[in-house]
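Reproduced below: work27.cif, with mmCIF, N, CA and C atoms.
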```cif
data_structure
loop_
_atom_site.label_atom_id
_atom_site.label_comp_id
_atom_site.auth_asym_id
_atom_site.auth_seq_id
_atom_site.Cartn_x
_atom_site.Cartn_y
_atom_site.Cartn_z
N MET A 1 23.37 37.25 16.14
CA MET A 1 23.55 36.04 16.93
C MET A 1 24.97 35.98 17.46
N SER A 2 25.06 35.52 18.65
CA SER A 2 26.41 35.39 19.21
C SER A 2 27.09 34.16 18.64
N ARG A 3 28.35 34.13 18.78
CA ARG A 3 29.16 33.03 18.24
C ARG A 3 28.74 31.69 18.87
N LYS A 4 28.44 31.71 20.14
CA LYS A 4 28.03 30.49 20.85
C LYS A 4 26.70 29.96 20.31
N LYS A 5 25.76 30.83 20.04
CA LYS A 5 24.46 30.42 19.52
C LYS A 5 24.60 29.85 18.10
N LYS A 6 25.47 30.45 17.29
CA LYS A 6 25.71 29.94 15.94
C LYS A 6 26.30 28.53 15.99
N MET A 7 27.22 28.31 16.92
CA MET A 7 27.84 27.00 17.07
C MET A 7 26.80 25.97 17.50
N ILE A 8 25.93 26.31 18.43
CA ILE A 8 24.89 25.40 18.89
C ILE A 8 23.91 25.10 17.75
N ALA A 9 23.55 26.12 16.98
CA ALA A 9 22.64 25.92 15.84
C ALA A 9 23.27 25.00 14.79
N THR A 10 24.55 25.20 14.51
CA THR A 10 25.26 24.36 13.54
C THR A 10 25.31 22.91 14.01
N ILE A 11 25.61 22.70 15.26
CA ILE A 11 25.66 21.34 15.82
C ILE A 11 24.27 20.69 15.76
N ALA A 12 23.24 21.45 16.07
CA ALA A 12 21.88 20.91 16.03
C ALA A 12 21.50 20.51 14.61
N ILE A 13 21.86 21.33 13.62
CA ILE A 13 21.56 21.00 12.22
C ILE A 13 22.32 19.75 11.79
N LEU A 14 23.59 19.67 12.12
CA LEU A 14 24.38 18.47 11.77
C LEU A 14 23.82 17.23 12.44
N PHE A 15 23.41 17.36 13.70
CA PHE A 15 22.81 16.23 14.41
C PHE A 15 21.52 15.78 13.72
N ALA A 16 20.71 16.73 13.28
CA ALA A 16 19.45 16.40 12.60
C ALA A 16 19.73 15.68 11.28
N ILE A 17 20.73 16.13 10.54
CA ILE A 17 21.08 15.49 9.27
C ILE A 17 21.54 14.05 9.51
N VAL A 18 22.40 13.84 10.49
CA VAL A 18 22.87 12.49 10.81
C VAL A 18 21.70 11.61 11.24
N LEU A 19 20.81 12.14 12.04
CA LEU A 19 19.65 11.38 12.49
C LEU A 19 18.76 10.98 11.31
N ILE A 20 18.54 11.88 10.38
CA ILE A 20 17.73 11.57 9.20
C ILE A 20 18.38 10.47 8.37
N LEU A 21 19.69 10.56 8.21
CA LEU A 21 20.40 9.53 7.43
C LEU A 21 20.34 8.16 8.09
N ILE A 22 20.34 8.14 9.40
CA ILE A 22 20.27 6.86 10.11
C ILE A 22 18.85 6.30 10.06
N VAL A 23 17.86 7.14 10.30
CA VAL A 23 16.47 6.69 10.35
C VAL A 23 15.94 6.37 8.95
N LYS A 24 16.25 7.18 7.97
CA LYS A 24 15.74 6.97 6.61
C LYS A 24 16.91 6.98 5.63
N PRO A 25 17.53 5.83 5.44
CA PRO A 25 18.66 5.80 4.53
C PRO A 25 18.22 6.10 3.09
N TRP A 26 19.14 6.57 2.29
CA TRP A 26 18.83 6.96 0.92
C TRP A 26 18.77 5.76 -0.01
N THR A 27 19.20 4.63 0.46
CA THR A 27 19.08 3.42 -0.36
C THR A 27 18.12 2.46 0.30
N SER A 28 17.56 1.59 -0.52
CA SER A 28 16.72 0.53 0.02
C SER A 28 17.02 -0.74 -0.75
N LYS A 29 16.76 -1.85 -0.12
CA LYS A 29 16.88 -3.16 -0.76
C LYS A 29 15.51 -3.83 -0.64
N PRO A 30 14.64 -3.58 -1.62
CA PRO A 30 13.25 -4.02 -1.48
C PRO A 30 13.05 -5.53 -1.46
N TYR A 31 14.03 -6.29 -1.94
CA TYR A 31 13.87 -7.75 -1.99
C TYR A 31 14.76 -8.46 -0.98
N GLU A 32 15.34 -7.69 -0.07
CA GLU A 32 16.27 -8.23 0.91
C GLU A 32 15.65 -9.35 1.75
N ASP A 33 14.39 -9.23 2.12
CA ASP A 33 13.74 -10.22 2.98
C ASP A 33 12.84 -11.18 2.20
N THR A 34 12.86 -11.09 0.88
CA THR A 34 12.04 -11.99 0.06
C THR A 34 12.65 -13.38 0.08
N THR A 35 11.79 -14.39 0.19
CA THR A 35 12.25 -15.78 0.18
C THR A 35 11.64 -16.50 -1.02
N VAL A 36 12.18 -17.65 -1.32
CA VAL A 36 11.65 -18.46 -2.43
C VAL A 36 10.18 -18.81 -2.18
N GLU A 37 9.80 -18.99 -0.93
CA GLU A 37 8.42 -19.31 -0.59
C GLU A 37 7.46 -18.17 -0.91
N ASP A 38 7.98 -16.94 -1.04
CA ASP A 38 7.15 -15.79 -1.38
C ASP A 38 6.81 -15.72 -2.87
N ILE A 39 7.50 -16.54 -3.67
CA ILE A 39 7.40 -16.46 -5.12
C ILE A 39 6.66 -17.67 -5.67
N VAL A 40 5.66 -17.42 -6.51
CA VAL A 40 4.93 -18.50 -7.18
C VAL A 40 5.65 -18.91 -8.45
N SER A 41 6.02 -17.91 -9.28
CA SER A 41 6.70 -18.21 -10.53
C SER A 41 7.51 -17.01 -11.01
N VAL A 42 8.50 -17.31 -11.86
CA VAL A 42 9.29 -16.27 -12.50
C VAL A 42 9.43 -16.65 -13.97
N THR A 43 9.20 -15.67 -14.83
CA THR A 43 9.38 -15.87 -16.27
C THR A 43 10.43 -14.88 -16.75
N VAL A 44 11.41 -15.39 -17.49
CA VAL A 44 12.38 -14.53 -18.16
C VAL A 44 11.85 -14.29 -19.55
N LYS A 45 11.90 -13.04 -19.99
CA LYS A 45 11.33 -12.75 -21.29
C LYS A 45 12.10 -11.65 -22.00
N LEU A 46 11.92 -11.61 -23.31
CA LEU A 46 12.37 -10.46 -24.09
C LEU A 46 11.20 -9.52 -24.17
N ASN A 47 11.45 -8.23 -24.05
CA ASN A 47 10.34 -7.26 -24.11
C ASN A 47 9.60 -7.32 -25.43
N SER A 48 10.26 -7.80 -26.46
CA SER A 48 9.58 -7.92 -27.74
C SER A 48 8.50 -8.99 -27.70
N GLY A 49 8.53 -9.83 -26.65
CA GLY A 49 7.52 -10.87 -26.50
C GLY A 49 7.77 -12.10 -27.35
N THR A 50 8.91 -12.15 -28.03
CA THR A 50 9.18 -13.27 -28.92
C THR A 50 9.68 -14.50 -28.19
N SER A 51 10.28 -14.32 -27.03
CA SER A 51 10.85 -15.45 -26.29
C SER A 51 10.58 -15.29 -24.80
N SER A 52 10.23 -16.39 -24.16
CA SER A 52 10.09 -16.38 -22.71
C SER A 52 10.35 -17.79 -22.18
N VAL A 53 10.83 -17.84 -20.95
CA VAL A 53 11.15 -19.11 -20.30
C VAL A 53 10.71 -19.03 -18.84
N ASP A 54 9.99 -20.04 -18.38
CA ASP A 54 9.65 -20.13 -16.96
C ASP A 54 10.85 -20.70 -16.22
N LEU A 55 11.21 -20.08 -15.11
CA LEU A 55 12.37 -20.53 -14.34
C LEU A 55 12.02 -21.73 -13.48
N GLU A 56 13.01 -22.60 -13.32
CA GLU A 56 12.89 -23.71 -12.39
C GLU A 56 13.30 -23.20 -11.01
N GLU A 57 12.99 -23.98 -9.98
CA GLU A 57 13.22 -23.50 -8.62
C GLU A 57 14.68 -23.12 -8.37
N HIS A 58 15.64 -23.91 -8.86
CA HIS A 58 17.05 -23.58 -8.61
C HIS A 58 17.45 -22.28 -9.32
N GLN A 59 16.79 -21.98 -10.45
CA GLN A 59 17.05 -20.72 -11.15
C GLN A 59 16.43 -19.55 -10.40
N ILE A 60 15.26 -19.77 -9.81
CA ILE A 60 14.63 -18.73 -8.99
C ILE A 60 15.52 -18.39 -7.80
N VAL A 61 16.11 -19.42 -7.19
CA VAL A 61 17.03 -19.20 -6.07
C VAL A 61 18.21 -18.35 -6.53
N GLY A 62 18.76 -18.64 -7.70
CA GLY A 62 19.89 -17.87 -8.22
C GLY A 62 19.52 -16.42 -8.47
N LEU A 63 18.35 -16.19 -9.06
CA LEU A 63 17.89 -14.82 -9.30
C LEU A 63 17.64 -14.11 -7.97
N LEU A 64 17.00 -14.79 -7.05
CA LEU A 64 16.68 -14.19 -5.76
C LEU A 64 17.95 -13.78 -5.01
N ASP A 65 19.00 -14.59 -5.12
CA ASP A 65 20.28 -14.23 -4.50
C ASP A 65 20.77 -12.86 -5.00
N LEU A 66 20.59 -12.61 -6.29
CA LEU A 66 20.99 -11.32 -6.86
C LEU A 66 20.03 -10.20 -6.43
N LEU A 67 18.73 -10.47 -6.47
CA LEU A 67 17.75 -9.44 -6.13
C LEU A 67 17.83 -9.02 -4.66
N GLN A 68 18.19 -9.96 -3.78
CA GLN A 68 18.30 -9.62 -2.36
C GLN A 68 19.43 -8.62 -2.11
N GLN A 69 20.41 -8.58 -2.97
CA GLN A 69 21.53 -7.64 -2.83
C GLN A 69 21.27 -6.30 -3.51
N LEU A 70 20.21 -6.22 -4.31
CA LEU A 70 19.96 -5.08 -5.19
C LEU A 70 19.61 -3.81 -4.41
N PRO A 71 20.50 -2.80 -4.45
CA PRO A 71 20.16 -1.53 -3.80
C PRO A 71 19.49 -0.59 -4.80
N LEU A 72 18.49 0.13 -4.33
CA LEU A 72 17.84 1.16 -5.14
C LEU A 72 18.21 2.49 -4.51
N TYR A 73 18.86 3.36 -5.29
CA TYR A 73 19.35 4.62 -4.74
C TYR A 73 18.33 5.75 -4.83
N HIS A 74 17.74 5.95 -5.97
CA HIS A 74 16.68 6.95 -6.06
C HIS A 74 15.81 6.67 -7.27
N ARG A 75 14.59 7.13 -7.15
CA ARG A 75 13.57 6.87 -8.16
C ARG A 75 13.65 7.93 -9.26
N MET A 76 13.47 7.47 -10.48
CA MET A 76 13.48 8.37 -11.63
C MET A 76 12.10 8.34 -12.29
N MET A 77 11.96 9.06 -13.35
CA MET A 77 10.70 9.08 -14.10
C MET A 77 10.50 7.74 -14.81
N PRO A 78 9.24 7.33 -15.01
CA PRO A 78 8.98 6.10 -15.77
C PRO A 78 9.51 6.25 -17.19
N VAL A 79 9.95 5.12 -17.73
CA VAL A 79 10.44 5.11 -19.10
C VAL A 79 9.73 4.02 -19.88
N PRO A 80 9.48 4.25 -21.16
CA PRO A 80 8.88 3.19 -21.96
C PRO A 80 9.89 2.07 -22.15
N SER A 81 9.41 0.84 -22.19
CA SER A 81 10.32 -0.28 -22.39
C SER A 81 10.78 -0.29 -23.84
N SER A 82 11.99 -0.75 -24.03
CA SER A 82 12.51 -0.84 -25.39
C SER A 82 12.64 -2.31 -25.77
N GLY A 83 12.37 -2.63 -26.99
CA GLY A 83 12.37 -4.01 -27.45
C GLY A 83 13.72 -4.66 -27.35
N GLY A 84 13.71 -5.96 -27.09
CA GLY A 84 14.94 -6.73 -27.08
C GLY A 84 15.61 -6.83 -25.73
N ILE A 85 15.26 -6.01 -24.77
CA ILE A 85 15.90 -6.06 -23.46
C ILE A 85 15.26 -7.19 -22.66
N SER A 86 16.10 -8.00 -22.02
CA SER A 86 15.57 -9.10 -21.22
C SER A 86 15.02 -8.55 -19.90
N GLY A 87 14.05 -9.24 -19.37
CA GLY A 87 13.47 -8.84 -18.11
C GLY A 87 12.80 -10.02 -17.44
N TYR A 88 12.25 -9.76 -16.28
CA TYR A 88 11.64 -10.81 -15.47
C TYR A 88 10.21 -10.42 -15.12
N SER A 89 9.34 -11.39 -15.11
CA SER A 89 8.00 -11.21 -14.59
C SER A 89 7.88 -12.17 -13.41
N ILE A 90 7.70 -11.60 -12.24
CA ILE A 90 7.66 -12.39 -11.00
C ILE A 90 6.24 -12.34 -10.44
N ILE A 91 5.67 -13.51 -10.19
CA ILE A 91 4.36 -13.61 -9.56
C ILE A 91 4.58 -14.01 -8.10
N MET A 92 4.08 -13.18 -7.21
CA MET A 92 4.25 -13.43 -5.78
C MET A 92 3.07 -14.24 -5.24
N VAL A 93 3.23 -14.79 -4.05
CA VAL A 93 2.18 -15.58 -3.41
C VAL A 93 0.90 -14.76 -3.24
N ASP A 94 1.04 -13.46 -2.96
CA ASP A 94 -0.15 -12.62 -2.77
C ASP A 94 -0.77 -12.17 -4.10
N LYS A 95 -0.33 -12.78 -5.20
CA LYS A 95 -0.84 -12.55 -6.56
C LYS A 95 -0.36 -11.24 -7.21
N THR A 96 0.53 -10.50 -6.56
CA THR A 96 1.09 -9.32 -7.21
C THR A 96 2.11 -9.75 -8.26
N GLU A 97 2.20 -8.94 -9.31
CA GLU A 97 3.16 -9.22 -10.37
C GLU A 97 4.20 -8.10 -10.37
N ILE A 98 5.46 -8.50 -10.43
CA ILE A 98 6.56 -7.55 -10.45
C ILE A 98 7.31 -7.74 -11.75
N ASP A 99 7.43 -6.67 -12.52
CA ASP A 99 8.20 -6.70 -13.76
C ASP A 99 9.52 -5.97 -13.52
N ILE A 100 10.62 -6.66 -13.78
CA ILE A 100 11.95 -6.11 -13.55
C ILE A 100 12.73 -6.15 -14.85
N VAL A 101 13.28 -4.99 -15.23
CA VAL A 101 14.10 -4.89 -16.44
C VAL A 101 15.40 -4.18 -16.07
N PRO A 102 16.51 -4.93 -15.99
CA PRO A 102 17.80 -4.29 -15.69
C PRO A 102 18.38 -3.61 -16.92
N ALA A 103 19.04 -2.47 -16.71
CA ALA A 103 19.65 -1.73 -17.83
C ALA A 103 20.83 -0.92 -17.32
N GLY A 104 21.95 -1.59 -17.12
CA GLY A 104 23.15 -0.89 -16.67
C GLY A 104 22.99 -0.34 -15.27
N GLU A 105 23.26 0.96 -15.10
CA GLU A 105 23.16 1.54 -13.77
C GLU A 105 21.72 1.86 -13.37
N TRP A 106 20.79 1.48 -14.21
CA TRP A 106 19.36 1.69 -13.95
C TRP A 106 18.65 0.35 -13.94
N ILE A 107 17.57 0.28 -13.21
CA ILE A 107 16.72 -0.90 -13.24
C ILE A 107 15.28 -0.42 -13.19
N SER A 108 14.45 -1.01 -14.01
CA SER A 108 13.03 -0.65 -14.04
C SER A 108 12.25 -1.71 -13.27
N ILE A 109 11.46 -1.25 -12.32
CA ILE A 109 10.60 -2.14 -11.54
C ILE A 109 9.18 -1.64 -11.70
N ASN A 110 8.36 -2.45 -12.37
CA ASN A 110 6.97 -2.08 -12.67
C ASN A 110 6.88 -0.72 -13.37
N GLY A 111 7.82 -0.49 -14.29
CA GLY A 111 7.78 0.72 -15.10
C GLY A 111 8.42 1.95 -14.47
N ILE A 112 8.88 1.84 -13.24
CA ILE A 112 9.55 2.95 -12.57
C ILE A 112 11.05 2.66 -12.59
N ARG A 113 11.81 3.64 -13.04
CA ARG A 113 13.26 3.46 -13.17
C ARG A 113 13.95 3.94 -11.89
N TYR A 114 14.92 3.12 -11.43
CA TYR A 114 15.70 3.43 -10.24
C TYR A 114 17.18 3.35 -10.58
N LYS A 115 17.96 4.19 -9.93
CA LYS A 115 19.40 4.08 -10.06
C LYS A 115 19.85 2.96 -9.13
N THR A 116 20.81 2.15 -9.61
CA THR A 116 21.31 1.03 -8.82
C THR A 116 22.77 0.80 -9.14
N GLU A 117 23.34 -0.27 -8.62
CA GLU A 117 24.74 -0.60 -8.89
C GLU A 117 24.85 -1.23 -10.27
N TYR A 118 25.72 -0.69 -11.08
CA TYR A 118 25.89 -1.15 -12.45
C TYR A 118 26.22 -2.65 -12.50
N ASP A 119 27.23 -3.08 -11.73
CA ASP A 119 27.68 -4.47 -11.80
C ASP A 119 26.57 -5.45 -11.45
N LEU A 120 25.82 -5.15 -10.41
CA LEU A 120 24.74 -6.05 -9.99
C LEU A 120 23.61 -6.07 -11.02
N SER A 121 23.28 -4.92 -11.58
CA SER A 121 22.26 -4.86 -12.62
C SER A 121 22.69 -5.67 -13.83
N GLU A 122 23.96 -5.58 -14.19
CA GLU A 122 24.48 -6.35 -15.32
C GLU A 122 24.45 -7.86 -15.03
N GLN A 123 24.71 -8.24 -13.79
CA GLN A 123 24.64 -9.66 -13.42
C GLN A 123 23.20 -10.17 -13.55
N ILE A 124 22.25 -9.37 -13.15
CA ILE A 124 20.84 -9.75 -13.26
C ILE A 124 20.45 -9.87 -14.73
N ASP A 125 20.92 -8.94 -15.56
CA ASP A 125 20.66 -8.99 -16.99
C ASP A 125 21.32 -10.22 -17.63
N GLN A 126 22.58 -10.47 -17.27
CA GLN A 126 23.30 -11.61 -17.83
C GLN A 126 22.67 -12.93 -17.41
N PHE A 127 22.13 -12.99 -16.21
CA PHE A 127 21.44 -14.17 -15.72
C PHE A 127 20.27 -14.50 -16.65
N ALA A 128 19.52 -13.48 -17.04
CA ALA A 128 18.38 -13.68 -17.96
C ALA A 128 18.88 -14.14 -19.32
N HIS A 129 19.91 -13.50 -19.84
CA HIS A 129 20.44 -13.88 -21.15
C HIS A 129 20.96 -15.32 -21.15
N ASN A 130 21.62 -15.72 -20.07
CA ASN A 130 22.12 -17.09 -19.98
C ASN A 130 20.98 -18.10 -20.03
N ILE A 131 19.89 -17.80 -19.32
CA ILE A 131 18.73 -18.70 -19.32
C ILE A 131 18.12 -18.77 -20.71
N LEU A 132 17.93 -17.60 -21.34
CA LEU A 132 17.36 -17.59 -22.68
C LEU A 132 18.27 -18.30 -23.68
N ASP A 133 19.57 -18.04 -23.61
CA ASP A 133 20.52 -18.68 -24.53
C ASP A 133 20.51 -20.19 -24.37
N THR A 134 20.51 -20.66 -23.12
CA THR A 134 20.51 -22.09 -22.85
C THR A 134 19.23 -22.74 -23.38
N ARG A 135 18.12 -22.11 -23.13
CA ARG A 135 16.82 -22.67 -23.51
C ARG A 135 16.66 -22.74 -25.02
N PHE A 136 17.08 -21.71 -25.73
CA PHE A 136 16.83 -21.65 -27.16
C PHE A 136 17.99 -22.15 -28.01
N SER A 137 19.06 -22.60 -27.35
CA SER A 137 20.17 -23.20 -28.12
C SER A 137 20.03 -24.72 -28.14
N GLU A 138 19.06 -25.25 -27.42
CA GLU A 138 18.86 -26.71 -27.36
C GLU A 138 18.26 -27.22 -28.65
#
```
Using structure tokens, write down the structure from this file.
Amino acid sequence: MSRKKKMIATIAILFAIVLILIVKPWTSKPYEDTTVEDIVSVTVKLNSGTSSVDLEEHQIVGLLDLLQQLPLYHRMMPVPSSGGISGYSIIMVDKTEIDIVPAGEWISINGIRYKTEYDLSEQIDQFAHNILDTRFSE
């Protein structure tokens, strides 16, 4: 191949990579467009099943604010849930149920683990703990 053809091929490959990144980004925010009206109920629970609390509307708004920012970077293998970790069970208007369990830089959604931002995942986890602590310290 001549030098000119190699340069054209390299530019074409780089252009294709940039186009793929623009059209199909590697991150997604699955709850970015979700509204409070899309949600019927949210329950905060311990995976051990010993404690659970139904959220009030203002608490759902607070959780939704966090979930709308939640980026998912890539999907990992399913993992079994471990006892004691707080999580959420969300019932949507269309009757689907979404189970979310934050765990540091990972978050499990319906049993599938995704890499995400550590700080945001921790905020979602702390939100659940605050609700459980408030409810059961009364």
Problem set entry | Reference answer for the PyMOL selection byres ((chain A and resi 121) around 6.5), as a VMD selection string | chain A and resid 102 to 106 116 to 120 122 to 126
Can you write just those residues out, N, CA and C atoms, as a PDB file, in the frame of the given file?
```
ATOM      1  N   PRO A 102      16.510  -4.930 -15.990  1.00  0.00           N
ATOM      2  CA  PRO A 102      17.800  -4.290 -15.690  1.00  0.00           C
ATOM      3  C   PRO A 102      18.380  -3.610 -16.920  1.00  0.00           C
ATOM      4  N   ALA A 103      19.040  -2.470 -16.710  1.00  0.00           N
ATOM      5  CA  ALA A 103      19.650  -1.730 -17.830  1.00  0.00           C
ATOM      6  C   ALA A 103      20.830  -0.920 -17.320  1.00  0.00           C
ATOM      7  N   GLY A 104      21.950  -1.590 -17.120  1.00  0.00           N
ATOM      8  CA  GLY A 104      23.150  -0.890 -16.670  1.00  0.00           C
ATOM      9  C   GLY A 104      22.990  -0.340 -15.270  1.00  0.00           C
ATOM     10  N   GLU A 105      23.260   0.960 -15.100  1.00  0.00           N
ATOM     11  CA  GLU A 105      23.160   1.540 -13.770  1.00  0.00           C
ATOM     12  C   GLU A 105      21.720   1.860 -13.370  1.00  0.00           C
ATOM     13  N   TRP A 106      20.790   1.480 -14.210  1.00  0.00           N
ATOM     14  CA  TRP A 106      19.360   1.690 -13.950  1.00  0.00           C
ATOM     15  C   TRP A 106      18.650   0.350 -13.940  1.00  0.00           C
ATOM     16  N   THR A 116      20.810   2.150  -9.610  1.00  0.00           N
ATOM     17  CA  THR A 116      21.310   1.030  -8.820  1.00  0.00           C
ATOM     18  C   THR A 116      22.770   0.800  -9.140  1.00  0.00           C
ATOM     19  N   GLU A 117      23.340  -0.270  -8.620  1.00  0.00           N
ATOM     20  CA  GLU A 117      24.740  -0.600  -8.890  1.00  0.00           C
ATOM     21  C   GLU A 117      24.850  -1.230 -10.270  1.00  0.00           C
ATOM     22  N   TYR A 118      25.720  -0.690 -11.080  1.00  0.00           N
ATOM     23  CA  TYR A 118      25.890  -1.150 -12.450  1.00  0.00           C
ATOM     24  C   TYR A 118      26.220  -2.650 -12.500  1.00  0.00           C
ATOM     25  N   ASP A 119      27.230  -3.080 -11.730  1.00  0.00           N
ATOM     26  CA  ASP A 119      27.680  -4.470 -11.800  1.00  0.00           C
ATOM     27  C   ASP A 119      26.570  -5.450 -11.450  1.00  0.00           C
ATOM     28  N   LEU A 120      25.820  -5.150 -10.410  1.00  0.00           N
ATOM     29  CA  LEU A 120      24.740  -6.050  -9.990  1.00  0.00           C
ATOM     30  C   LEU A 120      23.610  -6.070 -11.020  1.00  0.00           C
ATOM     31  N   GLU A 122      23.960  -5.580 -14.190  1.00  0.00           N
ATOM     32  CA  GLU A 122      24.480  -6.350 -15.320  1.00  0.00           C
ATOM     33  C   GLU A 122      24.450  -7.860 -15.030  1.00  0.00           C
ATOM     34  N   GLN A 123      24.710  -8.240 -13.790  1.00  0.00           N
ATOM     35  CA  GLN A 123      24.640  -9.660 -13.420  1.00  0.00           C
ATOM     36  C   GLN A 123      23.200 -10.170 -13.550  1.00  0.00           C
ATOM     37  N   ILE A 124      22.250  -9.370 -13.150  1.00  0.00           N
ATOM     38  CA  ILE A 124      20.840  -9.750 -13.260  1.00  0.00           C
ATOM     39  C   ILE A 124      20.450  -9.870 -14.730  1.00  0.00           C
ATOM     40  N   ASP A 125      20.920  -8.940 -15.560  1.00  0.00           N
ATOM     41  CA  ASP A 125      20.660  -8.990 -16.990  1.00  0.00           C
ATOM     42  C   ASP A 125      21.320 -10.220 -17.630  1.00  0.00           C
ATOM     43  N   GLN A 126      22.580 -10.470 -17.270  1.00  0.00           N
ATOM     44  CA  GLN A 126      23.300 -11.610 -17.830  1.00  0.00           C
ATOM     45  C   GLN A 126      22.670 -12.930 -17.410  1.00  0.00           C
TER      46      GLN A 126
END
```
For this session: Name the residues that the PyMOL selection byres ((chain A and resi 31) around 8) picks from the file above, as a PyMOL selection string, using the file's chain letters and numbers.
Result: chain A and resi 28-30+32-35+64+66-71
For this session: Assign secondary structure with DSSP using the backbone only, and return the residues of chain A in helix (DSSP H, G or I) as a ChimeraX atom specification.
Result: /A:3-23,36-38,57-69,118-136
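Straight-line separation from atom CA of A:Arg135 to atom CA of A:Ile91: 20.8 Å.
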Exercise. What residues come out when you apply the PyMOL selection byres (((chain A and resi 36 and name CA) around 9) and name CA) to this file, written as a ChimeraX atom specification?
Worked result: /A:34-35,37-40,57,60-61,64
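Distance-wise, atom CA of A:Ile13 and atom CA of A:Arg75 end up 26.1 Å apart.
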Problem set entry | Filtered DSSP result for chain A, state strand (DSSP E), as a PyMOL selection string | chain A and resi 39-46+52-54+86-92+97-103+106-109+112-115
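Between A:Asn110 and the candidates A:Val18, A:Ile90, A:Ile8, A:Ile98, the tightest atom-to-atom separation, counting only N, CA and C atoms, involves A:Ile98.
You can rank A:Ile112, A:Ala128, A:Val93, A:Ala16 by their closest distance to A:Gly62 using only C-alpha atoms, and at the top of that list sits A:Ala128.
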